[in-house]
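Working notes, structure below.
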Amino acid sequence: MAKVLLPLADGFEEIEAISIIDILRRASIDVVVAGLHDGYIESARGVKVIPDTTIDKVNADEFDMIVLPGGQPGTDNLNKDERVKKLIQDFYNKGKLTGAICAAPYVLASAGILQGKKATSYPTYREKLGDVNYLEEAVVEDSNVLTSRGPGTAACFALKIVEKLAGKEKAEQIQQATLFKC
């Protein structure tokens, strides 16, 4: 069974984080939500989520992918955390999948893994991505990096992750069962 790490910071975007967690778990992918601190993590709109663990307790070698939800100030909180950047670099350098949605591709850029790649983000973050081939597509894949645009593309992003980790057939089954159109 594939295993995905989803770091969660105060100020995260609810639709993105919960959609990804839900769709991946429907595909029997083990999703571990790791808070940047002990206790609940509060979303941009006051939804409180209790993570499975904290970022200090995770071992990157146990995971197949890291996925960052966007939102503000959640993305800024992820970007300020050197533990998150180190994890991103570890995943990327080991050829594991790395993903981010909305404002969070900016964290991938700050970690130094987007340079020269195809990528997308929430439109207002385009300039913060640096030297990328920016595409206005729902989901963009370049080698082992997946990026997506925002809350409206979260389900398609999650289904692409399912396709990469559990196969196209599983992604299609979930898409049909949930009535998502990607």
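Following the order of the structure tokens, first chain is A, next is B, and so on, with residues numbered from 1 inside each chain and ligands from 1 in the order they appear.
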
- [ ] Tell me which protein, DNA and RNA residues are within 10 Å of Ile66 of chain A, counting only C-alpha atoms, leaving out same-chain ones fewer than 4 positions away, and put them as a PyMOL selection string.
- [x] chain A and resi 3-7+31-32+60+84+87-88+90-92+96-100+145

Open item on the list: List the spatial neighbours of Cys156 of chain A as a VMD selection string - criterion: any atom at most 8 Å away, only C-alpha atoms, same-chain residues fewer than 4 positions off excluded.
Closed with: chain A and resid 138 to 139 160 180 to 182

Selection to disk with C-alpha atoms, as a compact mmCIF listing (two decimals), in the first residue's frame:
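Printed below is part_0.txt as written:
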```txt
# COMPACT_ATOMS: atom_id res chain seq x y z
CA ALA A 138 -5.64 21.97 -13.51
CA VAL A 139 -2.79 19.56 -12.80
CA LYS A 160 -3.91 12.24 -10.40
CA PHE A 180 -15.93 14.25 -10.27
CA LYS A 181 -15.24 15.46 -13.80
CA CYS A 182 -11.57 15.97 -14.53
```

Just the helix (DSSP H, G or I) stuff from segment 17-171 of chain A, please, per backbone DSSP, written as a short mmCIF file (atom, residue, chain, number, x, y, z; two decimals) with N, CA and C atoms, in the first residue's frame.
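Dumped everything to states_31.cif:
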```cif
data_model
loop_
_atom_site.label_atom_id
_atom_site.label_comp_id
_atom_site.auth_asym_id
_atom_site.auth_seq_id
_atom_site.Cartn_x
_atom_site.Cartn_y
_atom_site.Cartn_z
N ALA A 17 -6.85 20.33 1.51
CA ALA A 17 -6.34 19.31 2.42
C ALA A 17 -7.32 18.14 2.57
N ILE A 18 -8.56 18.44 2.86
CA ILE A 18 -9.53 17.38 3.13
C ILE A 18 -9.87 16.60 1.87
N SER A 19 -9.97 17.26 0.72
CA SER A 19 -10.23 16.53 -0.53
C SER A 19 -9.12 15.53 -0.82
N ILE A 20 -7.89 15.98 -0.67
CA ILE A 20 -6.76 15.09 -0.93
C ILE A 20 -6.78 13.91 0.02
N ILE A 21 -6.93 14.18 1.32
CA ILE A 21 -6.97 13.11 2.32
C ILE A 21 -8.09 12.13 1.99
N ASP A 22 -9.28 12.63 1.74
CA ASP A 22 -10.45 11.80 1.48
C ASP A 22 -10.27 10.92 0.24
N ILE A 23 -9.90 11.53 -0.86
CA ILE A 23 -9.80 10.77 -2.12
C ILE A 23 -8.69 9.73 -2.06
N LEU A 24 -7.55 10.09 -1.47
CA LEU A 24 -6.47 9.11 -1.35
C LEU A 24 -6.87 7.95 -0.45
N ARG A 25 -7.56 8.24 0.65
CA ARG A 25 -7.98 7.16 1.54
C ARG A 25 -9.04 6.28 0.88
N ARG A 26 -9.89 6.84 0.02
CA ARG A 26 -10.85 6.04 -0.74
C ARG A 26 -10.12 5.04 -1.63
N ILE A 55 5.29 16.62 12.56
CA ILE A 55 6.34 16.56 11.54
C ILE A 55 7.65 16.00 12.12
N ASP A 56 7.90 16.24 13.40
CA ASP A 56 9.13 15.76 14.03
C ASP A 56 9.18 14.24 14.16
N LYS A 57 8.02 13.60 14.10
CA LYS A 57 7.96 12.16 14.33
C LYS A 57 7.93 11.33 13.04
N ALA A 60 10.93 10.15 6.49
CA ALA A 60 10.67 10.26 5.04
C ALA A 60 10.81 8.93 4.32
N ASP A 61 11.68 8.06 4.80
CA ASP A 61 11.90 6.78 4.13
C ASP A 61 10.67 5.88 4.15
N GLU A 62 9.72 6.16 5.03
CA GLU A 62 8.51 5.34 5.14
C GLU A 62 7.41 5.75 4.17
N GLY A 74 -1.35 29.36 5.77
CA GLY A 74 -0.79 28.01 5.83
C GLY A 74 0.45 27.82 4.98
N THR A 75 0.40 28.33 3.74
CA THR A 75 1.56 28.18 2.86
C THR A 75 2.77 28.92 3.41
N ASP A 76 2.56 30.12 3.91
CA ASP A 76 3.68 30.86 4.51
C ASP A 76 4.24 30.11 5.71
N ASN A 77 3.37 29.49 6.50
CA ASN A 77 3.83 28.72 7.66
C ASN A 77 4.64 27.50 7.23
N LEU A 78 4.20 26.82 6.18
CA LEU A 78 4.99 25.70 5.64
C LEU A 78 6.33 26.20 5.11
N ASN A 79 6.31 27.32 4.41
CA ASN A 79 7.51 27.85 3.79
C ASN A 79 8.55 28.29 4.81
N LYS A 80 8.12 28.75 5.96
CA LYS A 80 9.05 29.20 7.02
C LYS A 80 9.67 28.03 7.77
N GLU A 82 11.86 24.96 8.18
CA GLU A 82 12.99 24.29 7.54
C GLU A 82 12.83 22.77 7.53
N ARG A 83 12.08 22.22 8.47
CA ARG A 83 11.84 20.76 8.48
C ARG A 83 11.06 20.36 7.23
N VAL A 84 10.09 21.18 6.84
CA VAL A 84 9.29 20.90 5.64
C VAL A 84 10.17 20.97 4.40
N LYS A 85 10.98 22.00 4.30
CA LYS A 85 11.86 22.14 3.12
C LYS A 85 12.83 20.97 3.02
N LYS A 86 13.36 20.53 4.16
CA LYS A 86 14.28 19.39 4.14
C LYS A 86 13.55 18.12 3.67
N LEU A 87 12.34 17.91 4.14
CA LEU A 87 11.56 16.75 3.70
C LEU A 87 11.31 16.81 2.19
N ILE A 88 10.93 17.98 1.69
CA ILE A 88 10.68 18.13 0.25
C ILE A 88 11.94 17.75 -0.54
N GLN A 89 13.07 18.26 -0.13
CA GLN A 89 14.33 17.97 -0.82
C GLN A 89 14.68 16.49 -0.73
N ASP A 90 14.45 15.88 0.44
CA ASP A 90 14.71 14.44 0.59
C ASP A 90 13.85 13.62 -0.36
N PHE A 91 12.56 13.91 -0.40
CA PHE A 91 11.66 13.17 -1.29
C PHE A 91 12.09 13.34 -2.74
N TYR A 92 12.32 14.57 -3.14
CA TYR A 92 12.68 14.86 -4.52
C TYR A 92 14.00 14.18 -4.91
N ASN A 93 15.01 14.31 -4.06
CA ASN A 93 16.32 13.75 -4.37
C ASN A 93 16.32 12.23 -4.42
N PRO A 105 2.91 25.40 -4.28
CA PRO A 105 4.06 25.21 -5.17
C PRO A 105 5.19 26.21 -4.89
N TYR A 106 4.83 27.35 -4.30
CA TYR A 106 5.84 28.32 -3.88
C TYR A 106 6.83 27.70 -2.88
N VAL A 107 6.34 26.81 -2.02
CA VAL A 107 7.21 26.13 -1.05
C VAL A 107 8.16 25.19 -1.79
N LEU A 108 7.65 24.52 -2.81
CA LEU A 108 8.53 23.66 -3.63
C LEU A 108 9.61 24.50 -4.30
N ALA A 109 9.23 25.67 -4.80
CA ALA A 109 10.21 26.57 -5.43
C ALA A 109 11.25 27.03 -4.41
N SER A 110 10.80 27.38 -3.22
CA SER A 110 11.72 27.81 -2.16
C SER A 110 12.67 26.70 -1.75
N PRO A 123 -3.15 31.54 -9.40
CA PRO A 123 -2.62 32.58 -10.30
C PRO A 123 -1.76 33.66 -9.65
N THR A 124 -2.11 34.10 -8.45
CA THR A 124 -1.33 35.17 -7.81
C THR A 124 0.04 34.72 -7.33
N TYR A 125 0.32 33.44 -7.39
CA TYR A 125 1.63 32.92 -6.97
C TYR A 125 2.55 32.61 -8.14
N ARG A 126 2.10 32.86 -9.33
CA ARG A 126 2.88 32.56 -10.53
C ARG A 126 4.29 33.16 -10.46
N GLU A 127 4.39 34.42 -10.12
CA GLU A 127 5.68 35.11 -10.11
C GLU A 127 6.60 34.60 -9.01
N LYS A 128 6.04 33.99 -7.97
CA LYS A 128 6.86 33.50 -6.85
C LYS A 128 7.50 32.14 -7.15
N LEU A 129 7.15 31.54 -8.28
CA LEU A 129 7.68 30.22 -8.60
C LEU A 129 9.05 30.27 -9.24
N PRO A 151 -8.48 25.34 -4.90
CA PRO A 151 -9.58 24.54 -4.38
C PRO A 151 -10.42 23.87 -5.47
N GLY A 152 -10.66 24.55 -6.56
CA GLY A 152 -11.47 24.00 -7.64
C GLY A 152 -10.82 22.86 -8.40
N THR A 153 -9.52 22.68 -8.22
CA THR A 153 -8.81 21.59 -8.90
C THR A 153 -8.35 20.51 -7.93
N ALA A 154 -8.72 20.63 -6.66
CA ALA A 154 -8.23 19.71 -5.64
C ALA A 154 -8.60 18.25 -5.91
N ALA A 155 -9.84 18.01 -6.34
CA ALA A 155 -10.26 16.63 -6.61
C ALA A 155 -9.47 16.05 -7.78
N CYS A 156 -9.30 16.81 -8.84
CA CYS A 156 -8.53 16.32 -9.99
C CYS A 156 -7.07 16.07 -9.61
N PHE A 157 -6.52 16.93 -8.78
CA PHE A 157 -5.16 16.76 -8.28
C PHE A 157 -5.06 15.46 -7.49
N ALA A 158 -6.01 15.25 -6.58
CA ALA A 158 -6.00 14.03 -5.77
C ALA A 158 -6.17 12.78 -6.64
N LEU A 159 -7.03 12.86 -7.65
CA LEU A 159 -7.21 11.71 -8.55
C LEU A 159 -5.94 11.42 -9.35
N LYS A 160 -5.19 12.45 -9.71
CA LYS A 160 -3.91 12.24 -10.40
C LYS A 160 -2.92 11.54 -9.47
N ILE A 161 -2.94 11.92 -8.20
CA ILE A 161 -2.08 11.25 -7.22
C ILE A 161 -2.46 9.78 -7.11
N VAL A 162 -3.77 9.50 -7.06
CA VAL A 162 -4.24 8.11 -7.01
C VAL A 162 -3.75 7.36 -8.24
N GLU A 163 -3.86 7.97 -9.40
CA GLU A 163 -3.39 7.32 -10.63
C GLU A 163 -1.91 6.97 -10.53
N LYS A 164 -1.11 7.89 -10.01
CA LYS A 164 0.34 7.66 -9.91
C LYS A 164 0.67 6.57 -8.89
N LEU A 165 -0.08 6.51 -7.79
CA LEU A 165 0.26 5.59 -6.70
C LEU A 165 -0.53 4.28 -6.70
N ALA A 166 -1.73 4.28 -7.27
CA ALA A 166 -2.56 3.08 -7.22
C ALA A 166 -3.05 2.64 -8.59
N LYS A 168 -4.32 3.79 -12.85
CA LYS A 168 -5.36 4.52 -13.58
C LYS A 168 -6.75 3.92 -13.31
N GLU A 169 -6.83 2.60 -13.24
CA GLU A 169 -8.12 1.95 -13.01
C GLU A 169 -8.72 2.38 -11.67
N LYS A 170 -7.91 2.44 -10.63
CA LYS A 170 -8.38 2.85 -9.31
C LYS A 170 -8.84 4.31 -9.35
N ALA A 171 -8.08 5.16 -10.02
CA ALA A 171 -8.46 6.58 -10.15
C ALA A 171 -9.79 6.71 -10.88
#
```

Task: All strand (DSSP E) residues (DSSP, backbone) inside segment 50-142 of chain A, as JSON, numbers by chain - done: {"A": [53, 54, 65, 66, 67, 68, 97, 98, 99, 100, 101, 118, 119, 133, 134, 139, 140, 141, 142]}

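Remark: for Gly71 of chain A, the closest of the candidate residues A:Val49, A:Cys102, A:Val132, A:Leu8 is A:Cys102 (distances computed over only C-alpha atoms).
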
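For the atom pair formed by atom CA of Leu68 of chain A and atom CA of Gln175 of chain A, the distance is 21.5 Å, given to one decimal.
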
Task: Gap from atom CA of Ser121 of chain A to atom CA of Asn144 of chain A - Å, one decimal - done: 16.4 Å

TODO: Calculate how many Å separate atom CA of Asp142 of chain A from atom CA of Ala119 of chain A, rounding to one decimal.
DONE: 7.4 Å

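Shell of Asn133 of chain A at 7 Å, with only C-alpha atoms counted and residues fewer than 2 places along the chain excluded, is Gly116, Lys117, Lys118, Ala119 and Leu135 of chain A.
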
Can I get the selected residues back with all heavy atoms, as a PDB file, in the first residue's frame?
```
ATOM      1  N   GLY A 116      13.196  25.299 -13.772  1.00  0.00           N
ATOM      2  CA  GLY A 116      13.202  24.726 -15.111  1.00  0.00           C
ATOM      3  C   GLY A 116      12.107  23.725 -15.387  1.00  0.00           C
ATOM      4  O   GLY A 116      12.029  23.167 -16.479  1.00  0.00           O
ATOM      5  N   LYS A 117      11.243  23.472 -14.414  1.00  0.00           N
ATOM      6  CA  LYS A 117      10.183  22.481 -14.585  1.00  0.00           C
ATOM      7  C   LYS A 117       8.884  23.126 -15.066  1.00  0.00           C
ATOM      8  O   LYS A 117       8.683  24.315 -14.928  1.00  0.00           O
ATOM      9  CB  LYS A 117       9.917  21.780 -13.250  1.00  0.00           C
ATOM     10  CG  LYS A 117      11.047  20.907 -12.783  1.00  0.00           C
ATOM     11  CD  LYS A 117      10.523  19.867 -11.832  1.00  0.00           C
ATOM     12  CE  LYS A 117      11.572  18.874 -11.438  1.00  0.00           C
ATOM     13  NZ  LYS A 117      12.234  18.218 -12.518  1.00  0.00           N
ATOM     14  N   LYS A 118       7.991  22.276 -15.581  1.00  0.00           N
ATOM     15  CA  LYS A 118       6.621  22.688 -15.839  1.00  0.00           C
ATOM     16  C   LYS A 118       5.898  22.686 -14.497  1.00  0.00           C
ATOM     17  O   LYS A 118       6.063  21.748 -13.702  1.00  0.00           O
ATOM     18  CB  LYS A 118       5.923  21.728 -16.799  1.00  0.00           C
ATOM     19  CG  LYS A 118       6.507  21.716 -18.207  1.00  0.00           C
ATOM     20  CD  LYS A 118       5.711  20.805 -19.118  1.00  0.00           C
ATOM     21  CE  LYS A 118       5.987  19.364 -18.737  1.00  0.00           C
ATOM     22  NZ  LYS A 118       5.365  18.383 -19.626  1.00  0.00           N
ATOM     23  N   ALA A 119       5.098  23.731 -14.253  1.00  0.00           N
ATOM     24  CA  ALA A 119       4.378  23.818 -12.981  1.00  0.00           C
ATOM     25  C   ALA A 119       3.190  24.750 -13.123  1.00  0.00           C
ATOM     26  O   ALA A 119       3.086  25.513 -14.078  1.00  0.00           O
ATOM     27  CB  ALA A 119       5.305  24.312 -11.878  1.00  0.00           C
ATOM     28  N   LEU A 135       2.154  26.713 -16.579  1.00  0.00           N
ATOM     29  CA  LEU A 135       1.007  26.269 -17.371  1.00  0.00           C
ATOM     30  C   LEU A 135      -0.277  26.521 -16.599  1.00  0.00           C
ATOM     31  O   LEU A 135      -0.329  26.286 -15.391  1.00  0.00           O
ATOM     32  CB  LEU A 135       1.125  24.774 -17.700  1.00  0.00           C
ATOM     33  CG  LEU A 135       2.390  24.352 -18.447  1.00  0.00           C
ATOM     34  CD1 LEU A 135       2.462  22.836 -18.549  1.00  0.00           C
ATOM     35  CD2 LEU A 135       2.435  24.978 -19.826  1.00  0.00           C
TER      36      LEU A 135
END
```

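Compared by their closest atoms to Val67 of chain A, and using only C-alpha atoms, the residues A:Glu137, A:Glu42, A:Asp52, A:Glu16 rank with A:Glu16 nearest.
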